[in-house]
Each structure stands twice: as structure tokens, then as C-alpha cells.
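Colleague: Here you go, this is work-v1.cif (mmCIF, C-alpha atoms and all ligand atoms).
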```cif
data_model
loop_
_atom_site.label_atom_id
_atom_site.label_comp_id
_atom_site.auth_asym_id
_atom_site.auth_seq_id
_atom_site.Cartn_x
_atom_site.Cartn_y
_atom_site.Cartn_z
CA MET A 1 0.70 13.12 14.72
CA PRO A 2 3.48 11.14 13.07
CA LEU A 3 2.63 9.67 9.68
CA PRO A 4 3.77 6.15 8.81
CA GLU A 5 6.46 5.71 6.18
CA LEU A 6 4.75 6.21 2.83
CA THR A 7 7.61 5.08 0.61
CA GLU A 8 8.26 1.41 -0.01
CA ASP A 9 11.24 -0.30 1.61
CA CYS A 10 11.36 -3.75 0.03
CA SER A 11 14.31 -4.73 2.26
CA ARG A 12 11.93 -4.87 5.25
CA CYS A 13 9.01 -6.52 3.45
CA ALA A 14 8.25 -10.19 2.89
CA GLY A 15 7.73 -9.68 -0.86
CA LEU A 16 4.03 -9.19 -0.23
CA CYS A 17 3.21 -7.28 -3.42
CA CYS A 18 4.81 -10.10 -5.42
CA VAL A 19 2.43 -12.56 -3.77
CA ALA A 20 -0.83 -10.78 -2.96
CA TYR A 21 -2.06 -9.51 -6.31
CA PRO A 22 -3.16 -11.46 -9.37
CA PHE A 23 -1.53 -10.74 -12.73
CA GLU A 24 -4.25 -10.53 -15.35
CA ALA A 25 -4.12 -10.70 -19.11
CA HIS A 26 -4.81 -7.00 -19.73
CA GLU A 27 -2.08 -5.91 -17.29
CA ASP A 28 1.58 -5.18 -17.85
CA PHE A 29 3.07 -8.40 -16.46
CA GLY A 30 5.01 -11.06 -18.29
CA LEU A 31 2.88 -13.91 -16.98
CA LEU A 32 -0.49 -14.66 -15.43
CA LYS A 33 -0.85 -15.65 -11.81
CA ALA A 34 -3.57 -15.89 -9.21
CA ALA A 35 -3.80 -13.78 -6.05
CA ASP A 36 -1.97 -15.16 -3.01
CA THR A 37 0.54 -16.93 -5.22
CA PRO A 38 4.25 -16.05 -5.17
CA CYS A 39 5.55 -14.72 -8.47
CA PRO A 40 8.04 -17.27 -9.86
CA ASN A 41 10.62 -14.46 -10.12
CA LEU A 42 10.56 -13.89 -6.37
CA ALA A 43 13.78 -15.18 -4.77
CA PRO A 44 13.88 -16.91 -1.36
CA ASP A 45 15.33 -13.70 0.17
CA PHE A 46 12.31 -11.76 -1.17
CA ARG A 47 14.36 -10.02 -3.84
CA CYS A 48 13.30 -10.00 -7.46
CA ASN A 49 15.40 -12.25 -9.66
CA ILE A 50 14.83 -9.99 -12.67
CA HIS A 51 14.89 -6.63 -10.90
CA ASP A 52 17.35 -5.03 -13.34
CA ASP A 53 15.44 -6.25 -16.38
CA LEU A 54 11.82 -5.84 -15.36
CA SER A 55 10.76 -3.69 -18.31
CA LYS A 56 12.75 -5.75 -20.80
CA CYS A 57 11.09 -8.92 -19.49
CA GLY A 58 7.59 -7.45 -19.86
CA PHE A 59 7.02 -6.56 -16.18
CA GLY A 60 6.43 -2.83 -16.57
CA GLY A 61 3.59 -3.22 -14.05
CA CYS A 62 6.16 -4.00 -11.35
CA VAL A 63 8.18 -0.90 -12.28
CA ALA A 64 5.10 1.30 -11.97
CA TYR A 65 3.85 -0.28 -8.76
CA SER A 66 4.29 1.13 -5.27
CA CYS A 67 2.82 -0.18 -2.04
CA ALA A 68 3.26 3.30 -0.51
CA GLY A 69 5.08 1.74 2.44
CA ALA A 70 2.29 -0.69 3.29
CA GLY A 71 4.42 -3.79 2.66
CA GLN A 72 7.07 -3.12 5.27
CA ARG A 73 4.47 -1.88 7.72
CA VAL A 74 2.43 -5.05 7.46
CA THR A 75 5.55 -7.22 7.75
CA GLN A 76 7.26 -5.37 10.58
CA GLU A 77 4.45 -3.80 12.60
CA LEU A 78 1.55 -6.18 12.19
CA PHE A 79 3.50 -9.45 11.90
CA ASP A 80 6.60 -8.56 13.98
CA GLY A 81 8.96 -9.35 11.12
CA GLU A 82 7.64 -12.86 10.60
CA THR A 83 7.11 -14.02 7.05
CA TRP A 84 4.95 -16.44 5.14
CA GLN A 85 8.11 -18.39 4.39
CA ASP A 86 8.66 -18.93 8.12
CA ASP A 87 5.04 -19.94 8.53
CA PRO A 88 3.04 -20.64 5.35
CA ASP A 89 -0.20 -20.26 7.31
CA LEU A 90 0.58 -16.56 7.53
CA MET A 91 0.46 -16.02 3.78
CA THR A 92 -3.21 -15.22 3.30
CA HIS A 93 -3.29 -13.17 6.52
CA MET A 94 -0.34 -11.08 5.34
CA THR A 95 -1.63 -10.58 1.82
CA TYR A 96 -5.06 -9.67 3.13
CA ALA A 97 -3.42 -7.12 5.43
CA LEU A 98 -1.51 -5.63 2.49
CA ARG A 99 -4.74 -5.25 0.54
CA VAL A 100 -6.30 -3.40 3.49
CA VAL A 101 -3.35 -1.19 4.44
CA ARG A 102 -2.17 -0.19 0.96
CA PRO A 103 -5.27 1.91 0.12
CA VAL A 104 -4.93 3.63 3.50
CA HIS A 105 -1.33 4.57 2.72
CA GLU A 106 -2.23 5.71 -0.80
CA ALA A 107 -4.96 7.94 0.67
CA LEU A 108 -2.45 9.38 3.17
CA LEU A 109 -0.15 10.28 0.28
CA VAL A 110 -3.01 12.11 -1.44
CA LEU A 111 -3.86 13.96 1.78
CA LEU A 112 -0.21 14.89 2.26
CA GLU A 113 -0.23 16.54 -1.15
CA ALA A 114 -3.55 18.20 -0.37
CA ALA A 115 -2.16 19.63 2.87
CA ALA A 116 0.47 21.50 0.85
CA LEU A 117 -2.19 23.33 -1.21
CA PRO A 118 -3.49 26.81 -0.33
CA LEU A 119 -6.85 25.48 0.92
CA PRO A 120 -9.46 27.47 2.82
CA GLN A 121 -9.43 26.75 6.54
CA ALA A 122 -12.47 24.45 6.50
CA LEU A 123 -10.85 22.23 3.89
CA GLN A 124 -7.52 22.30 5.71
CA GLU A 125 -9.29 21.11 8.84
CA ARG A 126 -11.11 18.38 6.96
CA CYS A 127 -7.82 17.25 5.42
CA ALA A 128 -6.21 17.07 8.87
CA LYS A 129 -9.20 15.20 10.32
CA LEU A 130 -9.18 12.63 7.50
CA THR A 131 -5.44 12.17 7.98
CA ARG A 132 -5.87 11.60 11.72
CA SER A 133 -8.65 9.09 11.10
CA LEU A 134 -6.43 7.13 8.71
CA CYS A 135 -3.68 6.85 11.34
CA PRO A 136 -4.95 4.50 14.06
CA GLU A 137 -2.88 4.84 17.22
CA ALA A 138 -0.26 2.09 17.69
CA PRO A 139 -1.99 -0.42 15.42
CA SER A 140 -1.19 -4.00 16.34
CA SER A 141 -3.47 -5.94 14.03
CA ILE A 142 -5.32 -5.51 10.78
CA TRP A 143 -8.51 -4.98 12.77
CA ASP A 144 -7.22 -1.54 13.72
CA PHE A 145 -7.35 -0.58 10.04
CA GLU A 146 -10.79 -2.08 9.58
CA GLU A 147 -12.34 0.09 12.29
CA ASP A 148 -15.26 2.22 11.09
CA GLU A 149 -13.33 5.45 11.64
CA VAL A 150 -10.55 4.38 9.26
CA GLN A 151 -12.81 2.87 6.62
CA GLU A 152 -15.26 5.76 6.67
CA ALA A 153 -12.43 8.26 6.24
CA LEU A 154 -11.03 6.18 3.38
CA ALA A 155 -14.44 6.25 1.67
CA GLU A 156 -14.58 10.05 2.05
CA VAL A 157 -11.23 10.75 0.39
CA PRO A 158 -12.43 10.69 -3.27
CA GLU A 159 -15.15 13.25 -2.53
CA PHE A 160 -12.63 15.36 -0.58
CA VAL A 161 -10.26 15.25 -3.55
CA GLU A 162 -13.05 16.50 -5.81
CA SER A 163 -13.76 19.34 -3.42
CA ILE A 164 -10.16 20.58 -3.55
CA ALA A 165 -9.76 20.27 -7.32
CA PRO A 166 -10.25 24.02 -7.96
CA PHE A 167 -7.38 24.81 -5.56
CA ALA A 168 -5.11 22.19 -7.07
CA GLN A 169 -5.65 23.64 -10.54
CA GLY A 170 -5.09 27.16 -9.26
S1 LIG B 1 8.67 -9.81 -11.44
FE1 LIG B 1 9.87 -9.35 -9.61
S2 LIG B 1 8.98 -7.42 -8.77
FE2 LIG B 1 7.50 -8.28 -10.24
S3 LIG B 1 6.11 -9.50 -8.97
FE3 LIG B 1 7.71 -10.89 -9.75
S4 LIG B 1 9.27 -10.94 -8.11
FE4 LIG B 1 7.95 -9.14 -7.74
#
```
Can you turn what I pasted into C-alpha cells?

Modeller:
Amino acid sequence: MPLPELTEDCSRCAGLCCVAYPFEAHEDFGLLKAADTPCPNLAPDFRCNIHDDLSKCGFGGCVAYSCAGAGQRVTQELFDGETWQDDPDLMTHMTYALRVVRPVHEALLVLLEAAALPLPQALQERCAKLTRSLCPEAPSSIWDFEEDEVQEALAEVPEFVESIAPFAQG
């Protein structure tokens, strides 16, 4: 079963992380903004105007952030490369999709690491089953990620991670 790309590729994303999430006072961002609002540093070509100076400008949160590949997947696979700049009505649909897909990709990264551990067979099988459940076949809309199978597997991952902790430490 092929895994999706789990590393961000901003060149194929519509700047979704720079739009979707709010910047709050206790976080490491140089300004406050609401969710579903483009960051003022986001350029029309979806590049960051202060990319080389993020930390210096107080945007350490952007340096630390990764969408785990969810941004380009939402843009290219679920929205066929369209962007909220082409059609502003797409903005909230795209940002919602990012907020749904990103946790799935983060969980897949965790399971990928788990699969490399010397786990007993039962845990290996559970890891593989959770991974399969988080990879809906040929997803074409966000609904495919909101199916019970995906969301139930996502909810199980924290408990699975606890169960493998002794092997990770070993
Ligand atoms: S500062 Fe740059 S990387 Fe951070 S949210 Fe704004 S545009 Fe995106």
C-alpha cells in the first residue's frame, strides 16, 4: 500500500498553512491573526515574503511547523490544483480540508516510525492495520478522510503509541 507524501512541498500548495490557522498571543508568531485569514507575509505566488528571516522577524512558529505533506495533497489531489486565489469561495473548504488531513498525515508519520521498531507481531499487525485505515483508496474529496474507518483509526493512534512505548525505549 503506497503511503502519501509525508514531507511538505510548499511549491505545490496554495499556502494553506499560512491561511488556515490562527496565530494566538501565546504562540511564536510575530502577529495575531484569525483562522481562515491569509498571513500578510504571504505573497501572491504563495511564497513567504520573509522566508529567509522568519526567526529574526519573530515567526519561529513557522520554522517549526510542518503540514506533513497535507498541504500539497489537499491542493493537488482534493482540489485538482485550484486555489482560493482562483476562486475565493474555495478558501474555507481548502482550509477545512487541511485541518482534517494534516492530523492523518501526522499519525502516518508516527506509524511509520513505529513500523521500524522491533515490535511483537500483534503490535506490528495493529500498526499495519492502522496505517491501512488512514490511507483511504484514491480519495477524491475530504469526505473520504472523514469516513468512520479513518477517524476511528486516528482516535486509536495515541493509545497505540502508549502501547509501544516500552519497545521504543528499548
Ligand atoms: S510568516 Fe510566512 S511562512 Fe509564516 S504564515 Fe506568514 S507567509 Fe506563511

Colleague: Could the residues that lie within 12 Å of ligand LIG 1 (chain B), counting only C-alpha atoms and all ligand atoms, be listed as number ranges by chain?

Modeller: A: 10, 13-23, 28-67

Colleague: Residues proximal to (-11.8, 8.5, 1.4) were defined as those with any atom within 12 Å of that point in the file's coordinates, counting all atoms listed in the file. Which are they, as a ChimeraX atom specification?

Modeller: /A:103-111,126-127,129-131,133-134,149-162

Colleague: So which residues touch His93 (chain A) within 12 Å, counting only C-alpha atoms, skipping near sequence neighbours fewer than 4 positions away, as a PyMOL selection string?

Modeller: chain A and resi 16+19-20+36+74-75+78-79+82-84+87-89+97-100+141-143

Colleague: Excluding Ala168 (chain A) and residues on its chain fewer than 3 positions from it, collect all residues at most 12 Å away from it, counting all atoms listed in the file, and give them as an MDAnalysis selection string.

Modeller: chainID A and resid 110 113:119 161:165

Colleague: Would you compute the distance between CA of Gly69 (chain A) and CA of Arg12 (chain A)? Give it in Å to one decimal.

Modeller: 9.9 Å

Colleague: For the atom pair CA of Val101 (chain A) and CA of Gln124 (chain A), what is the interatomic distance in Å to one decimal place?

Modeller: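 Separation of CA of Val101 (chain A) and CA of Gln124 (chain A): 23.9 Å.
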
Colleague: Find the distance between CA of Glu5 (chain A) and CA of Thr92 (chain A) and write it in Å to one decimal.

Modeller: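 Taking CA of Glu5 (chain A) as the start and CA of Thr92 (chain A) as the end point, the length is 23.2 Å.
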
Colleague: Need the neighbours of (0.3, 16.4, 12.2): which residues are at most 9 Å away, counting all atoms listed in the file, as a PyMOL selection string?

Modeller: chain A and resi 1-3+128+131-132

Colleague: Assuming 5 Å of padding per side, give the centre and edge lengths of the axis-aligned box around every listed atom of region 146-156 of chain A, in Å to one decimal and as AutoDock Vina command-line options.

Modeller:
```
--center_x -12.9 --center_y 4.0 --center_z 7.0 --size_x 14.7 --size_y 22.1 --size_z 20.6
```

Colleague: Where atoms are absent from region 114-133 of chain A, fill them in so it carries N, CA and C atoms, then output it as a compact mmCIF listing (two decimals), in the coordinates of the input.

Modeller:
```
# COMPACT_ATOMS: atom_id res chain seq x y z
N ALA A 114 -2.47 17.22 -0.57
CA ALA A 114 -3.55 18.20 -0.37
C ALA A 114 -3.17 19.22 0.70
N ALA A 115 -2.51 18.74 1.75
CA ALA A 115 -2.16 19.63 2.87
C ALA A 115 -1.19 20.72 2.43
N ALA A 116 -0.49 20.50 1.32
CA ALA A 116 0.47 21.50 0.85
C ALA A 116 -0.19 22.56 -0.04
N LEU A 117 -1.48 22.39 -0.34
CA LEU A 117 -2.19 23.33 -1.21
C LEU A 117 -2.72 24.51 -0.38
N PRO A 118 -2.93 25.64 -1.04
CA PRO A 118 -3.49 26.81 -0.33
C PRO A 118 -5.01 26.65 -0.16
N LEU A 119 -5.41 25.77 0.74
CA LEU A 119 -6.85 25.48 0.92
C LEU A 119 -7.46 26.44 1.93
N PRO A 120 -8.76 26.72 1.78
CA PRO A 120 -9.46 27.47 2.82
C PRO A 120 -9.42 26.68 4.14
N GLN A 121 -9.62 27.39 5.24
CA GLN A 121 -9.43 26.75 6.54
C GLN A 121 -10.30 25.52 6.73
N ALA A 122 -11.56 25.59 6.28
CA ALA A 122 -12.47 24.45 6.50
C ALA A 122 -11.93 23.20 5.80
N LEU A 123 -11.39 23.38 4.61
CA LEU A 123 -10.85 22.23 3.89
C LEU A 123 -9.54 21.75 4.51
N GLN A 124 -8.76 22.70 5.00
CA GLN A 124 -7.52 22.30 5.71
C GLN A 124 -7.87 21.43 6.92
N GLU A 125 -8.91 21.86 7.63
CA GLU A 125 -9.29 21.11 8.84
C GLU A 125 -9.83 19.73 8.46
N ARG A 126 -10.58 19.68 7.37
CA ARG A 126 -11.11 18.38 6.96
C ARG A 126 -9.95 17.46 6.54
N CYS A 127 -8.99 18.03 5.86
CA CYS A 127 -7.82 17.25 5.42
C CYS A 127 -7.09 16.68 6.65
N ALA A 128 -6.92 17.52 7.65
CA ALA A 128 -6.21 17.07 8.87
C ALA A 128 -7.03 16.00 9.60
N LYS A 129 -8.35 16.18 9.62
CA LYS A 129 -9.20 15.20 10.32
C LYS A 129 -9.17 13.85 9.59
N LEU A 130 -9.25 13.89 8.26
CA LEU A 130 -9.18 12.63 7.50
C LEU A 130 -7.84 11.94 7.74
N THR A 131 -6.78 12.75 7.75
CA THR A 131 -5.44 12.17 7.98
C THR A 131 -5.38 11.51 9.35
N ARG A 132 -5.89 12.19 10.36
CA ARG A 132 -5.87 11.60 11.72
C ARG A 132 -6.65 10.29 11.75
N SER A 133 -7.80 10.29 11.07
CA SER A 133 -8.65 9.09 11.10
C SER A 133 -7.98 7.91 10.41
```
